[in-house]
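For reference, target_11.tsv (TSV, C-alpha atoms and all ligand atoms):
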```tsv
chain	number	residue	atom	x	y	z
A	1	MET	CA	-32.66	-10.80	30.70
A	2	SER	CA	-28.97	-11.71	30.92
A	3	GLY	CA	-29.83	-15.24	32.10
A	4	ALA	CA	-32.31	-16.02	29.34
A	5	PRO	CA	-30.99	-18.58	26.83
A	6	ILE	CA	-31.70	-16.29	23.85
A	7	SER	CA	-29.63	-13.45	25.35
A	8	ARG	CA	-26.79	-15.83	26.21
A	9	SER	CA	-26.56	-17.04	22.64
A	10	VAL	CA	-26.89	-13.49	21.26
A	11	VAL	CA	-24.08	-12.33	23.56
A	12	ARG	CA	-21.81	-15.25	22.63
A	13	ARG	CA	-22.47	-14.66	18.97
A	14	PHE	CA	-21.89	-10.90	18.88
A	15	VAL	CA	-19.59	-10.10	21.82
A	16	GLY	CA	-15.97	-11.26	21.93
A	17	GLY	CA	-15.92	-12.10	25.65
A	18	SER	CA	-16.29	-10.17	28.87
A	19	ASP	CA	-12.63	-9.35	29.56
A	20	THR	CA	-9.30	-8.59	27.89
A	21	PRO	CA	-7.90	-12.18	27.79
A	22	ALA	CA	-11.15	-13.45	26.23
A	23	ALA	CA	-11.17	-10.67	23.63
A	24	VAL	CA	-7.52	-11.27	22.73
A	25	GLY	CA	-8.33	-14.99	22.40
A	26	VAL	CA	-11.19	-14.25	20.01
A	27	ALA	CA	-8.99	-11.83	18.03
A	28	SER	CA	-6.18	-14.39	17.78
A	29	ALA	CA	-8.59	-17.03	16.45
A	30	LEU	CA	-9.91	-14.59	13.82
A	31	VAL	CA	-6.36	-13.68	12.78
A	32	GLU	CA	-5.53	-17.40	12.45
A	33	ASP	CA	-8.46	-17.61	10.04
A	34	GLY	CA	-6.86	-14.95	7.82
A	35	LEU	CA	-8.91	-12.00	9.10
A	36	THR	CA	-7.82	-8.72	10.65
A	37	VAL	CA	-9.57	-7.24	13.69
A	38	THR	CA	-10.52	-4.07	15.48
A	39	LEU	CA	-11.37	-4.42	19.18
A	40	ASP	CA	-13.90	-2.20	20.93
A	41	HIS	CA	-14.06	-2.01	24.73
A	42	LEU	CA	-17.79	-1.84	25.39
A	43	GLY	CA	-19.23	1.13	27.21
A	44	GLU	CA	-20.52	4.43	25.91
A	45	ASP	CA	-22.13	7.61	27.20
A	46	THR	CA	-19.81	7.79	30.20
A	47	THR	CA	-21.29	10.09	32.80
A	48	ASP	CA	-18.36	10.54	35.17
A	49	ALA	CA	-14.72	11.46	34.71
A	50	GLU	CA	-13.45	8.54	36.77
A	51	ARG	CA	-15.25	6.05	34.53
A	52	ALA	CA	-13.81	7.78	31.43
A	53	GLY	CA	-10.32	7.34	32.88
A	54	ALA	CA	-11.02	3.67	33.63
A	55	VAL	CA	-12.08	3.06	30.02
A	56	ALA	CA	-8.85	4.67	28.77
A	57	GLU	CA	-6.85	2.44	31.16
A	58	ALA	CA	-8.73	-0.60	29.82
A	59	TYR	CA	-7.60	0.32	26.30
A	60	LEU	CA	-3.98	0.63	27.46
A	61	ALA	CA	-4.18	-2.82	29.07
A	62	LEU	CA	-5.83	-4.19	25.92
A	63	LEU	CA	-3.09	-2.80	23.64
A	64	ALA	CA	-0.38	-4.30	25.86
A	65	ALA	CA	-2.16	-7.68	25.76
A	66	MET	CA	-2.56	-7.46	21.97
A	67	ASP	CA	1.17	-6.78	21.71
A	68	ARG	CA	2.05	-9.76	23.95
A	69	ALA	CA	-0.19	-11.98	21.80
A	70	GLY	CA	1.69	-10.84	18.67
A	71	LEU	CA	-1.44	-9.31	17.13
A	72	THR	CA	-0.19	-5.86	16.23
A	73	GLU	CA	2.01	-6.71	13.26
A	74	ARG	CA	1.90	-3.87	10.71
A	75	LEU	CA	0.37	-4.72	7.34
A	76	GLY	CA	1.23	-1.39	5.74
A	77	PRO	CA	2.15	2.15	6.74
A	78	LEU	CA	-1.42	2.80	7.91
A	79	THR	CA	-2.69	-0.59	8.96
A	80	ALA	CA	-2.03	-3.31	11.51
A	81	ARG	CA	-3.39	-6.83	11.79
A	82	ALA	CA	-5.25	-5.76	14.95
A	83	GLU	CA	-6.27	-2.28	16.04
A	84	VAL	CA	-8.74	-0.69	18.44
A	85	SER	CA	-11.99	1.23	17.92
A	86	VAL	CA	-12.86	3.89	20.47
A	87	LYS	CA	-16.18	5.62	21.19
A	88	LEU	CA	-15.32	9.14	22.35
A	89	SER	CA	-18.43	9.17	24.56
A	90	ALA	CA	-16.86	6.29	26.51
A	91	VAL	CA	-13.79	8.40	27.32
A	92	GLY	CA	-15.62	11.53	28.45
A	93	GLN	CA	-16.81	13.45	25.34
A	94	ALA	CA	-20.27	14.02	26.84
A	95	LEU	CA	-19.07	15.17	30.26
A	96	PRO	CA	-20.25	18.69	31.05
A	97	GLY	CA	-17.69	21.49	30.71
A	98	ASP	CA	-14.37	19.94	29.70
A	99	GLY	CA	-15.79	16.79	28.10
A	100	GLU	CA	-14.20	17.29	24.68
A	101	LYS	CA	-10.83	18.12	26.21
A	102	ILE	CA	-10.96	15.08	28.49
A	103	ALA	CA	-11.90	12.81	25.57
A	104	LEU	CA	-9.07	14.23	23.45
A	105	GLU	CA	-6.54	13.65	26.23
A	106	HIS	CA	-7.64	10.04	26.74
A	107	ALA	CA	-7.71	9.46	22.97
A	108	ARG	CA	-4.14	10.80	22.79
A	109	ARG	CA	-2.94	8.40	25.49
A	110	ILE	CA	-4.62	5.50	23.71
A	111	SER	CA	-3.18	6.58	20.32
A	112	SER	CA	0.30	6.90	21.78
A	113	ALA	CA	0.08	3.42	23.36
A	114	ALA	CA	-1.29	2.04	20.08
A	115	ARG	CA	1.57	3.53	18.10
A	116	SER	CA	4.17	2.17	20.50
A	117	VAL	CA	2.96	-1.40	19.84
A	118	GLY	CA	2.36	-0.88	16.10
A	119	ALA	CA	-1.46	-0.70	16.27
A	120	THR	CA	-3.84	2.02	15.09
A	121	VAL	CA	-6.97	3.65	16.52
A	122	THR	CA	-10.29	4.31	14.78
A	123	LEU	CA	-12.81	6.71	16.35
A	124	ASP	CA	-16.33	5.28	16.15
A	125	MET	CA	-19.07	7.72	15.13
A	126	GLU	CA	-22.13	8.12	17.34
A	127	ASP	CA	-25.34	10.09	16.79
A	128	HIS	CA	-25.36	13.24	14.64
A	129	THR	CA	-25.19	15.63	17.61
A	130	THR	CA	-21.62	14.40	18.16
A	131	THR	CA	-20.34	14.49	14.56
A	132	ASP	CA	-18.75	17.96	14.64
A	133	SER	CA	-17.15	17.33	18.01
A	134	THR	CA	-15.81	13.92	16.94
A	135	LEU	CA	-14.38	15.27	13.66
A	136	SER	CA	-12.77	18.16	15.52
A	137	ILE	CA	-11.12	15.76	18.01
A	138	LEU	CA	-10.05	13.61	15.04
A	139	ALA	CA	-8.39	16.63	13.40
A	140	ASP	CA	-6.50	17.41	16.61
A	141	LEU	CA	-5.39	13.80	17.02
A	142	ARG	CA	-4.29	13.52	13.42
A	143	THR	CA	-1.70	16.28	13.82
A	144	ASP	CA	0.33	13.81	15.94
A	145	PHE	CA	-1.26	10.54	14.80
A	146	PRO	CA	-2.21	10.95	11.13
A	147	GLU	CA	-3.05	7.24	10.99
A	148	THR	CA	-6.11	7.74	13.26
A	149	GLY	CA	-9.20	6.43	11.50
A	150	ALA	CA	-12.59	8.15	11.22
A	151	VAL	CA	-16.05	6.68	10.75
A	152	LEU	CA	-18.47	8.39	8.38
A	153	GLN	CA	-22.14	7.42	8.12
A	154	ALA	CA	-23.68	7.33	4.63
A	155	TYR	CA	-27.17	8.11	5.98
A	156	LEU	CA	-26.12	11.65	6.96
A	157	ARG	CA	-26.70	14.27	4.30
A	158	ARG	CA	-23.39	15.95	5.22
A	159	THR	CA	-21.27	12.83	4.68
A	160	GLU	CA	-20.32	13.34	1.03
A	161	ALA	CA	-18.72	16.65	2.03
A	162	ASP	CA	-17.00	14.99	5.01
A	163	CYS	CA	-15.67	12.26	2.66
A	164	ARG	CA	-14.19	14.95	0.41
A	165	ALA	CA	-12.52	16.58	3.40
A	166	LEU	CA	-11.11	13.26	4.62
A	167	ALA	CA	-10.04	11.68	1.32
A	168	GLY	CA	-6.47	13.00	1.54
A	169	PRO	CA	-3.17	11.14	1.98
A	170	SER	CA	-2.86	8.77	4.96
A	171	SER	CA	-6.50	9.32	5.93
A	172	ARG	CA	-8.27	6.16	7.05
A	173	VAL	CA	-12.06	6.37	6.74
A	174	ARG	CA	-14.51	3.64	7.70
A	175	LEU	CA	-17.69	4.11	5.68
A	176	CYS	CA	-20.85	2.59	7.20
A	177	LYS	CA	-24.57	3.16	6.64
A	178	GLY	CA	-25.13	4.49	10.18
A	179	ALA	CA	-26.81	2.84	13.15
A	180	TYR	CA	-28.75	5.56	14.97
A	181	GLN	CA	-32.32	6.78	14.62
A	182	GLU	CA	-31.79	10.19	13.01
A	183	PRO	CA	-34.26	12.90	11.91
A	184	ALA	CA	-34.98	13.56	8.23
A	185	SER	CA	-33.48	17.05	8.58
A	186	VAL	CA	-30.00	15.51	8.82
A	187	ALA	CA	-30.31	11.97	7.48
A	188	TYR	CA	-31.74	10.12	4.49
A	189	GLN	CA	-34.63	7.94	5.65
A	190	ALA	CA	-35.21	5.59	2.71
A	191	ASP	CA	-32.93	2.57	2.32
A	192	ASP	CA	-32.29	3.25	-1.36
A	193	GLN	CA	-31.24	6.84	-0.58
A	194	VAL	CA	-28.78	5.58	2.03
A	195	ASP	CA	-27.41	2.99	-0.40
A	196	ARG	CA	-26.96	5.58	-3.14
A	197	SER	CA	-25.21	7.90	-0.71
A	198	TYR	CA	-22.95	4.99	0.31
A	199	VAL	CA	-21.91	4.47	-3.31
A	200	ARG	CA	-21.28	8.20	-3.90
A	201	CYS	CA	-19.16	8.31	-0.75
A	202	ALA	CA	-17.28	5.13	-1.76
A	203	ASN	CA	-16.39	6.76	-5.09
A	204	ILE	CA	-15.11	9.89	-3.37
A	205	LEU	CA	-12.96	7.91	-0.94
A	206	LEU	CA	-11.59	5.57	-3.63
A	207	ALA	CA	-10.76	8.49	-5.94
A	208	GLY	CA	-8.78	10.08	-3.11
A	209	ASP	CA	-5.38	9.24	-1.63
A	210	GLY	CA	-6.54	7.79	1.67
A	211	TYR	CA	-7.31	4.28	2.89
A	212	PRO	CA	-11.05	3.52	2.59
A	213	MET	CA	-12.60	0.90	4.87
A	214	PHE	CA	-15.99	-0.36	3.68
A	215	ALA	CA	-18.00	-1.48	6.70
A	216	THR	CA	-21.14	-3.23	5.51
A	217	HIS	CA	-22.72	-6.69	5.41
A	218	ASP	CA	-24.83	-5.71	2.44
A	219	PRO	CA	-23.75	-8.06	-0.38
A	220	ARG	CA	-24.74	-5.53	-3.04
A	221	LEU	CA	-22.62	-2.76	-1.48
A	222	VAL	CA	-19.68	-5.11	-0.91
A	223	ALA	CA	-19.78	-6.05	-4.61
A	224	ILE	CA	-20.06	-2.40	-5.64
A	225	ALA	CA	-17.15	-1.41	-3.37
A	226	GLN	CA	-15.01	-4.16	-4.92
A	227	GLU	CA	-15.95	-3.12	-8.45
A	228	ARG	CA	-15.35	0.58	-7.72
A	229	ALA	CA	-11.98	-0.29	-6.14
A	230	ARG	CA	-10.94	-2.07	-9.35
A	231	PHE	CA	-12.17	0.94	-11.36
A	232	TYR	CA	-9.94	3.24	-9.29
A	233	ARG	CA	-7.05	0.74	-9.52
A	234	LYS	CA	-6.96	0.09	-5.80
A	235	ALA	CA	-5.80	-3.42	-4.95
A	236	PRO	CA	-6.86	-5.25	-1.78
A	237	GLY	CA	-4.58	-3.80	0.91
A	238	GLN	CA	-5.13	-0.28	-0.44
A	239	TYR	CA	-8.66	-0.50	0.95
A	240	GLU	CA	-10.40	-3.00	3.20
A	241	LEU	CA	-13.79	-4.57	3.91
A	242	GLN	CA	-15.15	-4.65	7.46
A	243	MET	CA	-17.96	-6.56	9.20
A	244	LEU	CA	-19.17	-7.03	12.77
A	245	TYR	CA	-18.18	-10.06	14.84
A	246	GLY	CA	-20.87	-12.70	14.48
A	247	VAL	CA	-22.46	-11.25	11.36
A	248	ARG	CA	-21.96	-13.22	8.13
A	249	PRO	CA	-18.86	-15.04	9.50
A	250	ALA	CA	-18.72	-17.44	6.54
A	251	GLU	CA	-18.76	-14.52	4.12
A	252	GLN	CA	-15.95	-12.82	6.07
A	253	ARG	CA	-13.78	-15.90	5.59
A	254	ARG	CA	-14.78	-16.35	1.95
A	255	LEU	CA	-13.81	-12.76	1.13
A	256	ALA	CA	-10.50	-13.09	2.99
A	257	ALA	CA	-9.72	-16.37	1.20
A	258	ALA	CA	-10.42	-14.58	-2.09
A	259	GLY	CA	-7.63	-12.10	-1.27
A	260	GLU	CA	-9.53	-9.23	0.35
A	261	THR	CA	-8.34	-7.58	3.54
A	262	VAL	CA	-11.31	-8.20	5.86
A	263	ARG	CA	-11.45	-6.63	9.31
A	264	VAL	CA	-13.84	-7.90	11.97
A	265	TYR	CA	-15.12	-5.44	14.58
A	266	VAL	CA	-15.06	-7.25	17.92
A	267	PRO	CA	-16.84	-5.56	20.85
A	268	TYR	CA	-15.97	-7.03	24.25
A	269	GLY	CA	-16.50	-6.30	27.94
A	270	SER	CA	-19.12	-6.66	30.61
A	271	ASP	CA	-21.16	-3.71	29.32
A	272	TRP	CA	-22.61	-5.84	26.49
A	273	TYR	CA	-26.19	-5.40	27.66
A	274	GLY	CA	-26.09	-1.71	26.89
A	275	TYR	CA	-24.38	-2.33	23.54
A	276	LEU	CA	-26.88	-4.86	22.27
A	277	MET	CA	-30.00	-3.32	23.77
A	278	ARG	CA	-29.11	0.21	22.69
A	279	ARG	CA	-28.47	-1.03	19.17
A	280	LEU	CA	-31.92	-2.61	19.18
A	281	ALA	CA	-33.63	0.37	20.77
A	282	GLU	CA	-31.94	3.00	18.63
A	283	ARG	CA	-33.15	1.50	15.43
A	284	PRO	CA	-35.90	-1.12	15.34
A	285	SER	CA	-34.54	-2.58	12.11
A	286	ASN	CA	-31.44	-3.61	14.10
A	287	LEU	CA	-33.60	-6.29	15.71
A	288	THR	CA	-34.16	-7.86	12.30
A	289	PHE	CA	-30.44	-7.36	11.64
A	290	PHE	CA	-29.39	-9.37	14.72
A	291	LEU	CA	-32.08	-12.00	14.31
A	292	ARG	CA	-31.16	-12.47	10.64
A	293	SER	CA	-27.55	-12.99	11.68
A	294	LEU	CA	-28.56	-15.69	14.15
A	295	ILE	CA	-30.31	-17.76	11.50
A	296	SER	CA	-28.23	-16.85	8.45
A	297	ARG	CA	-25.65	-19.31	7.16
A	298	ARG	CA	-24.26	-16.92	4.55
B	301	LIG	P1	-28.09	-3.63	6.35
B	301	LIG	O1	-28.26	-4.06	7.77
B	301	LIG	O2	-28.82	-2.43	5.88
B	301	LIG	O3	-28.42	-4.86	5.45
B	301	LIG	C1	-28.51	-4.72	4.04
B	301	LIG	C2	-28.63	-6.06	3.37
B	301	LIG	O4	-27.46	-6.84	3.66
B	301	LIG	C3	-29.77	-6.91	3.84
B	301	LIG	O5	-30.98	-6.56	3.24
B	301	LIG	C4	-29.30	-8.30	3.47
B	301	LIG	O6	-29.46	-8.53	2.09
B	301	LIG	C5	-27.81	-8.22	3.77
B	301	LIG	N1	-27.47	-8.71	5.08
B	301	LIG	C6	-27.24	-7.98	6.18
B	301	LIG	N2	-26.93	-8.77	7.22
B	301	LIG	C7	-26.99	-10.02	6.76
B	301	LIG	C8	-26.79	-11.29	7.37
B	301	LIG	N3	-26.47	-11.43	8.62
B	301	LIG	N4	-26.92	-12.37	6.59
B	301	LIG	C9	-27.22	-12.27	5.30
B	301	LIG	N5	-27.43	-11.09	4.68
B	301	LIG	C10	-27.32	-10.00	5.40
B	301	LIG	N6	-22.53	2.54	12.78
B	301	LIG	C11	-22.41	3.78	13.31
B	301	LIG	O7	-23.37	4.54	13.32
B	301	LIG	N7	-21.20	4.18	13.81
B	301	LIG	C12	-20.09	3.39	13.79
B	301	LIG	O8	-19.02	3.80	14.27
B	301	LIG	C13	-20.22	2.08	13.22
B	301	LIG	N8	-19.14	1.24	13.15
B	301	LIG	C14	-19.27	0.07	12.45
B	301	LIG	C15	-18.15	-0.72	12.22
B	301	LIG	C16	-18.25	-1.86	11.44
B	301	LIG	C17	-17.03	-2.67	11.16
B	301	LIG	C18	-19.51	-2.24	10.89
B	301	LIG	C19	-19.64	-3.45	10.01
B	301	LIG	C20	-20.62	-1.48	11.13
B	301	LIG	C21	-20.53	-0.33	11.91
B	301	LIG	N9	-21.64	0.44	12.17
B	301	LIG	C22	-21.48	1.69	12.74
B	301	LIG	C23	-23.02	-0.09	11.91
B	301	LIG	C24	-23.54	0.30	10.53
B	301	LIG	O9	-23.79	1.69	10.50
B	301	LIG	C25	-24.86	-0.44	10.21
B	301	LIG	O10	-25.83	-0.12	11.17
B	301	LIG	C26	-24.74	-1.93	10.15
B	301	LIG	O11	-23.54	-2.36	9.59
B	301	LIG	C27	-25.90	-2.51	9.30
B	301	LIG	O12	-25.85	-2.02	7.98
B	301	LIG	P2	-25.30	-2.87	6.73
B	301	LIG	O13	-24.57	-1.94	5.82
B	301	LIG	O14	-24.45	-3.97	7.23
B	301	LIG	O15	-26.55	-3.42	5.97
```
Write out the structure in this file as structure tokens.
Ligand code: FDA
Amino acid sequence: MSGAPISRSVVRRFVGGSDTPAAVGVASALVEDGLTVTLDHLGEDTTDAERAGAVAEAYLALLAAMDRAGLTERLGPLTARAEVSVKLSAVGQALPGDGEKIALEHARRISSAARSVGATVTLDMEDHTTTDSTLSILADLRTDFPETGAVLQAYLRRTEADCRALAGPSSRVRLCKGAYQEPASVAYQADDQVDRSYVRCANILLAGDGYPMFATHDPRLVAIAQERARFYRKAPGQYELQMLYGVRPAEQRRLAAAGETVRVYVPYGSDWYGYLMRRLAERPSNLTFFLRSLISRR
């Protein structure tokens, strides 16, 4: 699979290299193009404590390398040109017994290292069985690191309430549609329901005092987020737009050139197979999503 030409081109397109120097190189090139970045060390669902510790160490090495490359310049009190995104399951959240505690400790070390170089941390959101645990770890982290970002998924029925709870001062919230296959009991199933929820959530976040981050490639939702931001008198820099590395790259640059703060999510590392294949397996429509990106010029 990894040797097949199609996988090689998919990996190159969507993964920012297999190691830290490669990822920092990709991030530097994006920053030179006027974009901002968030780097994600690939690997999730860690099943042993040693591996969780190794992932945390990888983040510390990454943050030091980002600092050396001059990537962590602050853009505002809550934002830096480059930051990191962390999946709590990669740092031990799912370990039996003390998993949550272990994940919190690793997240604290990463947050402390991030702060010392001027960067920030955003906690990715995984499937709905982890939402309460992730938000509880976020609340703990935010007592010392209020700049820690959350991700909320518009497809979850609970998310409007979570947006209200997280729309306060200095709260960074990345709003996405949601990438996992979730049951109807917890998640909207129809695309138009998810889109409507996204817009309701965007309004809540923009009406609040936090820093909303709109993560979507959907041109209609990007336009709505921009219009709603103007309605709530939020200028670019008081909110941002986010897209995945390799998806609509021309649009990322067009939006940045038009004055928007655009952040590109760059996953990197040798564990790319799991990242790409899980994305495809979790949600069949992700296959169309990746294939569309390969042929799209927009
Ligand atoms: P979607 O894929 O539904 O596409 C909607 C429309 O957008 C399409 O019909 C088409 O018109 C247009 N479009 C999309 N891609 C295009 C392309 N390549 N070319 C042209 N048009 C295109 N999820 C999660 O569960 N937890 C998380 O922590 C994160 N984190 C995250 C960070 C960032 C920065 C991003 C951008 C996304 C995430 N996600 C995520 C993933 C997210 O939940 C979602 O699965 C994907 O972004 C796909 O949904 P979209 O909103 O992009 O539109």
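Between ligand LIG 301 (chain B) and the residues A:Leu166, A:Leu75, A:Leu205, A:Val84, the shortest atom-to-atom distance, using all atoms listed in the file, involves A:Val84.
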**OP:** Find the residues around range 92-109 of chain A up to 12 Å (all atoms listed in the file counted), leave out those fewer than 3 positions away in its own chain, and share them as an NGL selection string.
**Re:** :A and (43-61 or 63 or 84-89 or 112-116 or 120-127 or 129-146 or 148-149)
**OP:** Select the residues contacting ligand LIG 301 (chain B) at a distance of at most 7 Å, based on all atoms listed in the file, then format the selection as a ChimeraX atom specification.
**Re:** /A:124-127,151,153,176-180,215-219,242-244,247-248,264-265,289,292-293,296,298
**OP:** Pick out the closest residue to Thr72 in chain A from this set: A:Gly118, A:Thr159, A:Ser28, A:Ala90. Count all atoms listed in the file.
**Re:** A:Gly118
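Between CA of Val173 in chain A and CA of Ser111 in chain A the interatomic distance comes to 16.2 Å.
Coordinates place CA of Ser197 in chain A at a distance of 15.4 Å from CA of Glu182 in chain A.
Picture a line from CA of Ala165 in chain A to CA of Tyr211 in chain A; it runs 13.4 Å.
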Original post:
If you count all atoms listed in the file, which residues fall within 6 Å of Met213 in chain A, apart from same-chain ones fewer than 2 positions away, as a VMD selection string?
Top reply: chain A and resid 173 to 174 239 to 241
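Shortest separation to Pro21 in chain A among A:Tyr155, A:Tyr273, A:Tyr268, A:Tyr198 occurs at residue A:Tyr268, atoms counted being all atoms listed in the file.
Among the candidate residues A:Val199, A:Ala65, A:Val37, A:Leu221, the one lying nearest to Arg81 in chain A is A:Val37, with distances computed using all atoms listed in the file.
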**OP:** Pick out the residues sitting within 7 Å of Glu147 in chain A, and hand them over as a list in words; count all atoms listed in the file, and ignore anything fewer than 6 positions along from it in its own chain.
**Re:** Leu78, Thr120, Ser170, Ser171 and Arg172 of chain A
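Take the candidates A:Gly168, A:Pro212, A:Gly25, A:Gly237 and check each one against Pro77 in chain A using all atoms listed in the file; the shortest distance goes to A:Gly237.
Among the candidate residues A:Leu287, A:Leu206, A:Gln193, A:Val11, the one lying nearest to Tyr232 in chain A is A:Leu206, with distances computed using all atoms listed in the file.
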